[in-house]
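**Q** Please find structure.cif (mmCIF, C-alpha atoms) on the next line:
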```
data_structure
loop_
_atom_site.label_atom_id
_atom_site.label_comp_id
_atom_site.auth_asym_id
_atom_site.auth_seq_id
_atom_site.Cartn_x
_atom_site.Cartn_y
_atom_site.Cartn_z
CA MET A 1 -31.60 26.46 1.79
CA SER A 2 -29.36 29.25 0.62
CA ALA A 3 -26.80 28.80 -2.12
CA ASP A 4 -24.05 29.62 0.36
CA SER A 5 -24.69 26.58 2.56
CA PRO A 6 -23.51 23.86 0.11
CA ARG A 7 -20.50 25.98 -0.80
CA ARG A 8 -19.57 26.29 2.86
CA THR A 9 -20.07 22.56 3.41
CA VAL A 10 -17.81 21.75 0.45
CA ARG A 11 -15.16 24.09 1.81
CA ILE A 12 -15.33 22.53 5.29
CA LEU A 13 -15.16 18.97 3.93
CA THR A 14 -12.25 19.81 1.66
CA TRP A 15 -10.17 21.47 4.37
CA ALA A 16 -11.00 18.73 6.87
CA GLY A 17 -9.77 16.23 4.27
CA PHE A 18 -6.58 18.20 3.81
CA ALA A 19 -6.05 18.38 7.57
CA SER A 20 -6.45 14.64 8.04
CA GLY A 21 -4.15 14.01 5.07
CA VAL A 22 -1.46 16.30 6.44
CA ILE A 23 -1.67 14.66 9.86
CA GLY A 24 -1.37 11.26 8.17
CA GLY A 25 1.61 12.50 6.19
CA LEU A 26 3.29 13.77 9.33
CA LEU A 27 2.76 10.38 10.95
CA ILE A 28 4.35 8.76 7.92
CA ALA A 29 7.35 11.07 8.26
CA PHE A 30 7.58 10.54 12.02
CA PRO A 31 6.19 7.03 12.74
CA LYS A 32 7.76 6.75 16.20
CA VAL A 33 5.41 9.41 17.62
CA ILE A 34 2.59 6.94 18.21
CA GLY A 35 4.56 3.70 18.22
CA PRO A 36 3.32 0.35 16.89
CA ALA A 37 -0.21 1.68 16.28
CA SER A 38 1.10 4.27 13.82
CA PRO A 39 0.36 2.36 10.56
CA TRP A 40 -3.21 1.69 11.65
CA VAL A 41 -3.81 5.33 12.57
CA GLN A 42 -2.26 6.33 9.25
CA LEU A 43 -4.59 3.98 7.39
CA ALA A 44 -7.60 5.42 9.22
CA LEU A 45 -6.50 8.97 8.42
CA GLY A 46 -5.98 8.04 4.76
CA VAL A 47 -9.47 6.58 4.53
CA ALA A 48 -10.93 9.62 6.31
CA THR A 49 -9.13 11.90 3.86
CA LEU A 50 -10.55 10.03 0.88
CA VAL A 51 -14.08 9.98 2.28
CA LEU A 52 -14.04 13.69 3.07
CA ALA A 53 -12.49 14.67 -0.27
CA PHE A 54 -14.85 12.60 -2.39
CA ARG A 55 -17.87 13.68 -0.38
CA ALA A 56 -16.82 17.29 -0.99
CA ARG A 57 -16.46 16.58 -4.71
CA ARG A 58 -19.87 14.91 -4.95
CA LEU A 59 -21.61 17.73 -3.09
CA GLY A 60 -19.76 20.35 -5.11
CA ILE A 61 -20.60 18.76 -8.44
CA ASP A 62 -24.26 18.32 -7.51
CA LYS A 63 -25.09 21.55 -5.71
CA VAL A 64 -22.50 24.27 -6.32
CA GLU A 65 -22.77 26.26 -9.52
CA GLY A 66 -19.40 26.65 -11.23
CA PHE A 67 -17.67 24.19 -8.90
CA ASP A 68 -13.93 23.90 -9.42
CA GLY A 69 -12.92 20.60 -7.88
CA ARG A 70 -9.16 20.93 -8.08
CA LEU A 71 -8.70 21.49 -4.37
CA SER A 72 -10.80 18.49 -3.35
CA LEU A 73 -9.03 16.42 -6.00
CA ALA A 74 -5.69 17.39 -4.47
CA ALA A 75 -7.01 16.30 -1.06
CA ALA A 76 -8.06 12.96 -2.56
CA LEU A 77 -4.60 12.47 -4.08
CA LEU A 78 -3.09 13.22 -0.69
CA GLY A 79 -5.38 10.56 0.79
CA PHE A 80 -4.21 8.01 -1.78
CA LEU A 81 -0.58 8.79 -0.94
CA VAL A 82 -1.20 8.37 2.78
CA LEU A 83 -2.99 5.07 2.14
CA PHE A 84 -0.18 3.82 -0.07
CA PHE A 85 2.62 4.49 2.40
CA ALA A 86 0.57 3.49 5.46
CA GLY A 87 -0.44 0.25 3.77
CA ARG A 88 3.17 -0.49 3.00
CA ALA A 89 4.12 0.10 6.64
CA ALA A 90 1.21 -2.04 7.86
CA VAL A 91 2.22 -4.93 5.60
CA ILE A 92 5.82 -4.71 6.80
CA LEU A 93 4.61 -4.66 10.42
CA LEU A 94 2.38 -7.71 9.83
CA ASP A 95 5.18 -9.52 8.00
CA THR A 96 7.61 -9.05 10.87
CA ALA A 97 5.00 -10.19 13.40
CA THR A 98 4.55 -13.58 11.72
#
```
Would you mind giving the structure from this file in structure tokens?

**A**
Amino acid sequence: MSADSPRRTVRILTWAGFASGVIGGLLIAFPKVIGPASPWVQLALGVATLVLAFRARRLGIDKVEGFDGRLSLAAALLGFLVLFFAGRAAVILLDTAT
């Protein structure tokens, strides 16, 4: 396996994490786009962002020489923000349903 393959995988995972985090953030800003399912989709996107970002960090730390994990860390922080606001919206939605 070449040294370029893990680097490329880390890059793909990091940018996929950013993309899912940005989509989740847009759904937080515009929750009426999807309707009542919006908090659940936001939660799923937040979890996906965290999984992708931390998988990129783990692979980068293990297999990439001189790995600088700031970008994947930023994606993980974005995932935590999406989870925080989506969780708040989901709790409010569940509270109004009962």

**Q** Find the spatial neighbours of Arg58 (chain A), counting all atoms listed in the file, within a cut-off of 12 Å - ignore same-chain residues fewer than 4 positions away - and output them as a ChimeraX atom specification.

**A** /A:6-7,9-10,13-14,51-54,62-64,67-69,72-73

**Q** Applying the PyMOL selection byres ((chain A and resi 48) around 12) to the file I just gave you, which residues come out? Please list them as an MDAnalysis selection string.

**A** chainID A and resid 13:14 16:24 41:47 49:55 75:76 78:80 82:83

**Q** Have a look at CA of Ile28 (chain A) and CA of Phe85 (chain A) and let me know their distance in Å, one decimal.

**A**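 Going from CA of Ile28 (chain A) over to CA of Phe85 (chain A), I get 7.2 Å.
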
**Q** Using all atoms listed in the file, which of A:Ile92, A:Ala56, A:Thr98, A:Arg70 sits nearest Arg8 (chain A)?

**A**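 Nearest candidate to Arg8 (chain A) out of A:Ile92, A:Ala56, A:Thr98, A:Arg70: A:Ala56.
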
**Q** Would you compute the box with edges along x, y and z of the file around region 5-8 of chain A, including every atom the file lists for it and 4 Å extra on each side, and give its centre and edge lengths in Å to one decimal, as JSON?

**A**
```
{"center_x": -22.1, "center_y": 25.2, "center_z": 1.0, "size_x": 13.1, "size_y": 10.7, "size_z": 11.7}
```

**Q** CA of Gly25 (chain A) and CA of Leu77 (chain A) are how many Å apart?

**A** 12.0 Å

**Q** Using all atoms listed in the file, pick whichever of A:Ala37, A:Ile12, A:Ile61, A:Leu26 has the shortest atom-to-atom distance to Ala89 (chain A).

**A**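 Smallest separation from Ala89 (chain A) among the options: A:Ala37.
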
**Q** Just give me the gap between CA of Leu71 (chain A) and CA of Ser5 (chain A) in Å, one decimal is fine.

**A**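 The value is 18.2 Å.
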
**Q** Restricting the calculation to only C-alpha atoms: of A:Gly66, A:Asp95, A:Leu81, A:Ala86, which residue gets closest to Pro31 (chain A)?

**A** A:Ala86
